[in-house]
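**Student:** Here it is, the structure in full.
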Amino acid sequence: MPVSVIDTHAHLDMAQFERDRNEVIQRAVVAGVAVMVNPAVDVRSSEKIIKLAERDRHIFAAVGFHPQEAGRATEADIKRLAELARSSTRVVAIGESGLDFYRNRAPREVQIRVLEWQLDLAASLQLPIIIHSREAEKDTLALLGNWIKATKYPEGRARGVIHCFSGTSGIARQYIDMGFYIAFGGYITYPSSKIQNVIKSIPQDRLLTETDCPYLAPQLHRGERNEPAYMLETAAYIAKVLGITPEEVGKITSGNAEHLFRLPQIK
């Protein structure tokens, strides 16, 4: 039985795919990637992603501001994101949102404010949020904890996903207890990766796979442009760590993605 997976985090709108985007998407579908969720980094990319998703049934969109772009975000931009999210059934999440204290391309207080705006937006629309957290776990956990206390989601509705997780099992458990899924990408296949025990600690019903393409290509393609078709290598690695088949990893993580993003069945 062929492996079928969902890429929960792909940046297919970026310039690296401008010349061959359609071919990249086709390679992904042929490889077994049934769905690609494409988060945004600002208003312009949100608009572009929605158009892409409306043209291709394998693509779904998330609208949001990446923390590295937070310095340019205004309240008017957040209102525009709300309009975009309401305008299309192809929008399934808010994001890519979060905090990045590694690069600090926007002041920390600005990143926090813009994340709070997007958390409020996700709650008002009852959409999951895609969280980026790099060298900012303490602040991210505190902000999400306060948000959890202040907002209500319908019974059984997941809050969101922690994208490109590289923290400890203990931190993962805190996110899971808040209602978040944990997503892993190609970086887990690198020889320097020490995250195998963390992967084992994640309940299988909270596990997701992603590429973050065009970044973080798995080991066999390291140094190349990443693309969704390469997700099969990551799924195979997770299967090896968990002692199950790649087909089982695909089934588990695809079911989780469908629940989180409330995705329709793709035929």
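In the structure tokens, each chain is lettered A, B, ... as it comes, each chain's residues begin at 1, and ligands are numbered from 1 in order of appearance.
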Write out as a list in words all residues of range 183-213 of chain A that backbone DSSP assigns to helix (DSSP H, G or I).

**Tutor:**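 Selecting the helix (DSSP H, G or I) positions of range 183-213 of chain A gives Gly186, Tyr187, Ile188, Thr189, Gln196, Asn197, Val198, Ile199, Lys200, Ser201, Gln204, Asp205 and Arg206 of chain A.
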
**Student:** Which polymer residues have any atom within 12 Å of an atom of Val30 in chain A, counting only C-alpha atoms, with same-chain residues fewer than 4 positions away left out, as a list in words?

**Tutor:** Pro2, Val3, Ser4, Val5, Glu23, Val24, Ile25, Gln26, Ala34, Val35, His58, Pro228, Ala229, Tyr230 and Leu232 of chain A

**Student:** Could you turn the residues from that selection into a file that holds N, CA and C atoms, as an mmCIF file, in the first residue's frame?

**Tutor:**
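Dumped everything to selection12.cif:
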```cif
data_model
loop_
_atom_site.group_PDB
_atom_site.id
_atom_site.type_symbol
_atom_site.label_atom_id
_atom_site.label_comp_id
_atom_site.auth_asym_id
_atom_site.auth_seq_id
_atom_site.Cartn_x
_atom_site.Cartn_y
_atom_site.Cartn_z
ATOM 1 N N PRO A 2 0.662 2.200 -0.902
ATOM 2 C CA PRO A 2 1.499 3.397 -0.954
ATOM 3 C C PRO A 2 1.304 4.269 0.275
ATOM 4 N N VAL A 3 2.364 5.016 0.633
ATOM 5 C CA VAL A 3 2.287 5.934 1.767
ATOM 6 C C VAL A 3 1.549 7.191 1.342
ATOM 7 N N SER A 4 0.590 7.629 2.152
ATOM 8 C CA SER A 4 -0.137 8.880 1.908
ATOM 9 C C SER A 4 0.051 9.784 3.114
ATOM 10 N N VAL A 5 0.515 11.001 2.888
ATOM 11 C CA VAL A 5 0.820 11.920 3.980
ATOM 12 C C VAL A 5 0.244 13.302 3.695
ATOM 13 N N GLU A 23 4.864 22.074 -11.155
ATOM 14 C CA GLU A 23 5.584 20.804 -11.212
ATOM 15 C C GLU A 23 5.892 20.291 -9.809
ATOM 16 N N VAL A 24 6.230 21.209 -8.889
ATOM 17 C CA VAL A 24 6.501 20.817 -7.501
ATOM 18 C C VAL A 24 5.253 20.209 -6.859
ATOM 19 N N ILE A 25 4.119 20.851 -7.088
ATOM 20 C CA ILE A 25 2.860 20.340 -6.528
ATOM 21 C C ILE A 25 2.535 18.973 -7.125
ATOM 22 N N GLN A 26 2.736 18.823 -8.428
ATOM 23 C CA GLN A 26 2.450 17.546 -9.076
ATOM 24 C C GLN A 26 3.361 16.446 -8.560
ATOM 25 N N ALA A 34 -1.112 14.086 -0.163
ATOM 26 C CA ALA A 34 -2.488 14.353 -0.586
ATOM 27 C C ALA A 34 -2.892 15.807 -0.397
ATOM 28 N N VAL A 35 -2.345 16.451 0.640
ATOM 29 C CA VAL A 35 -2.728 17.819 0.986
ATOM 30 C C VAL A 35 -1.495 18.575 1.444
ATOM 31 N N HIS A 58 -5.479 20.513 -3.808
ATOM 32 C CA HIS A 58 -4.556 19.893 -2.867
ATOM 33 C C HIS A 58 -3.957 20.903 -1.881
ATOM 34 N N PRO A 228 7.504 19.479 -0.909
ATOM 35 C CA PRO A 228 6.606 18.539 -0.218
ATOM 36 C C PRO A 228 6.856 17.072 -0.527
ATOM 37 N N ALA A 229 7.298 16.743 -1.741
ATOM 38 C CA ALA A 229 7.537 15.342 -2.087
ATOM 39 C C ALA A 229 8.565 14.690 -1.164
ATOM 40 N N TYR A 230 9.442 15.494 -0.550
ATOM 41 C CA TYR A 230 10.477 14.953 0.319
ATOM 42 C C TYR A 230 9.938 14.553 1.698
ATOM 43 N N LEU A 232 8.135 12.187 2.459
ATOM 44 C CA LEU A 232 8.146 10.740 2.638
ATOM 45 C C LEU A 232 9.371 10.276 3.411
#
```

**Student:** Which residue gives the smallest distance to Ala123 in chain A among A:Pro107, A:Pro39, A:Gly223, A:Pro154, with only C-alpha atoms counted?

**Tutor:** A:Pro154

**Student:** Step one, run DSSP on the backbone; step two, keep only residues of range 30-217 of chain A assigned to strand (DSSP E or B); then write them as number ranges by chain.

**Tutor:** A: 33-38, 59-63, 91-100, 129-134, 160-162, 180-184, 207-209, 213

**Student:** Tell me, as a VMD selection string, which residues lie within 10 Å of Ile195 in chain A, counting only C-alpha atoms; anything in the same chain fewer than 3 positions away does not count.

**Tutor:** chain A and resid 165 to 169 184 187 to 189 192 198 to 201 241

**Student:** Using only C-alpha atoms for the distances, tell me which of A:Leu125, A:Phe65, A:Gly32, A:Ala142 is nearest to Glu247 in chain A.

**Tutor:**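 Distance minimum relative to Glu247 in chain A lands on A:Gly32.
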
**Student:** Separation of CA of Tyr181 in chain A and CA of Ala28 in chain A, in Å?

**Tutor:**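 CA of Ala28 in chain A lies 23.1 Å from CA of Tyr181 in chain A.
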
**Student:** Would you pick out the contacts of Leu144 in chain A at 12 Å or less, using only C-alpha atoms, so that residues sharing its chain but fewer than 6 positions from it are not included, and give the list as an NGL selection string?

**Tutor:** :A and (97-99 or 112 or 115-116 or 118-120 or 123 or 129-131 or 133 or 137-138 or 150-151 or 159-162 or 174-180)

**Student:** Kindly give the distance, in Å, that separates CA of Ala217 in chain A and CA of Ile50 in chain A, rounded to a single decimal.

**Tutor:**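 Distance reported for this atom pair: 24.6 Å.
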
**Student:** Need to verify the contact set: Arg103 in chain A, 12 Å, only C-alpha atoms, exclusion of same-chain residues closer than 5 positions in sequence. Can you return it as a PDB file with C-alpha atoms, in the first residue's frame?

**Tutor:**
```pdb
ATOM      1  CA  PRO A  67       7.282  36.873  13.884  1.00  0.00           C
ATOM      2  CA  GLN A  68      10.158  38.054  11.687  1.00  0.00           C
ATOM      3  CA  GLU A  69       7.649  40.256   9.838  1.00  0.00           C
ATOM      4  CA  ARG A 108      10.380  41.300  21.312  1.00  0.00           C
ATOM      5  CA  GLN A 111       6.419  40.207  18.353  1.00  0.00           C
ATOM      6  CA  SER A 133       8.680  29.443  18.571  1.00  0.00           C
ATOM      7  CA  ARG A 134      12.447  29.774  18.369  1.00  0.00           C
ATOM      8  CA  GLU A 135      14.480  30.420  21.517  1.00  0.00           C
ATOM      9  CA  ALA A 136      11.272  31.806  23.028  1.00  0.00           C
TER      10      ALA A 136
END
```

**Student:** Rank nothing, just name the residue among A:Ser193, A:Gln16, A:Thr8, A:Thr253 nearest to Glu224 in chain A, using only C-alpha atoms.

**Tutor:**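 Among the listed residues, the smallest separation from Glu224 in chain A belongs to A:Gln16.
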
**Student:** By how many Å are CA of Tyr102 in chain A and CA of Asp13 in chain A apart?

**Tutor:**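 Computing it gives 24.1 Å between the two atoms.
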